[in-house]
Structures are given as C-alpha cells and as structure tokens.
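Structure, as structure tokens:
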Amino acid sequence: APSGGTSAVVVLGVIALAQGLENYVLEPLIVGKSLGLNPFTTVFAVFGFGVLWGVVGAVIALPLTAMIKTALERLADAEPAVILLTDVEAG
C-alpha cells in the first residue's frame, strides 16, 4: 500500500496535468474558436508567448494574437498571413 506522501504526490501530479491540459490546450482552442483563430495558432501562440514572457505571456497570448490578426487584415499584402491565422470553420 502506498504511503500518504506517495499518494499526495500522485494527486498533485494529476492536478498539475489537468491544469496544464486545460490552460495550454483546451482553453486556447475554445477561446481561439470564438476569436476566429486557427487551433494550431492558438496553441502555438500560448506556448510561444508563454516561453517568451512566462505566465503573463500565456495570459495575453490570445488577445495579442487576435489584435495582430485584425491589424494584418487591414493590410493588402498580408493576406497569406491572415489565411494562416484564420480558422477555416469560423470563416
């Protein structure tokens, strides 16, 4: 039978895994869909900005990416970049 310390470590590991999955995969996909961002773009943005600026970067990643997409939509020469950022299903 596992000791109390081992059980606590396992529970903490499961909680950390669930939080990581929610924060870095599920939430970006759901919020990204509402912003019209490509699912790959959302996950990549959260990961990339998180690596650059830590927790603050992960928090501001999707709003910042949506602002970049909106700015690029105003530029005629940036159409290929907009296509890459846009979710095909959302339009």
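FYI, nothing fancy with the structure tokens labels: chains A, B, ... in order, residues from 1 per chain, ligands from 1 as they appear.
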Can you build me a table of range 6-62 of chain A residues sitting at most 10 Å from range 79-89 of chain A, with the closest atom pair per residue and its distance in Å to one decimal, using only C-alpha atoms, sorted by chain and residue number, as JSON lines?
```
{"residue": "A:Gly32", "atom": "CA", "partner": "A:Asp87", "partner_atom": "CA", "distance": 8.4}
{"residue": "A:Lys33", "atom": "CA", "partner": "A:Asp87", "partner_atom": "CA", "distance": 7.1}
{"residue": "A:Ser34", "atom": "CA", "partner": "A:Asp87", "partner_atom": "CA", "distance": 9.7}
{"residue": "A:Leu35", "atom": "CA", "partner": "A:Asp87", "partner_atom": "CA", "distance": 8.8}
{"residue": "A:Gly36", "atom": "CA", "partner": "A:Asp87", "partner_atom": "CA", "distance": 5.3}
{"residue": "A:Leu37", "atom": "CA", "partner": "A:Thr86", "partner_atom": "CA", "distance": 4.7}
{"residue": "A:Asn38", "atom": "CA", "partner": "A:Asp87", "partner_atom": "CA", "distance": 4.0}
{"residue": "A:Pro39", "atom": "CA", "partner": "A:Asp87", "partner_atom": "CA", "distance": 7.0}
{"residue": "A:Phe40", "atom": "CA", "partner": "A:Leu85", "partner_atom": "CA", "distance": 8.7}
{"residue": "A:Thr41", "atom": "CA", "partner": "A:Leu85", "partner_atom": "CA", "distance": 6.2}
{"residue": "A:Thr42", "atom": "CA", "partner": "A:Leu85", "partner_atom": "CA", "distance": 8.7}
```
When you count only C-alpha atoms, which of these residues is closest to Glu27 in chain A: A:Leu64, A:Val46, A:Ala76, A:Ala8?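 Comparing A:Leu64, A:Val46, A:Ala76, A:Ala8 against Glu27 in chain A, the winner is A:Val46.
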Enumerate as a ChimeraX atom specification all residues of chain A assigned to helix (DSSP H, G or I) by DSSP on the backbone, naming them with the chain letters and numbers the document uses. /A:4-35,39-73,76-85
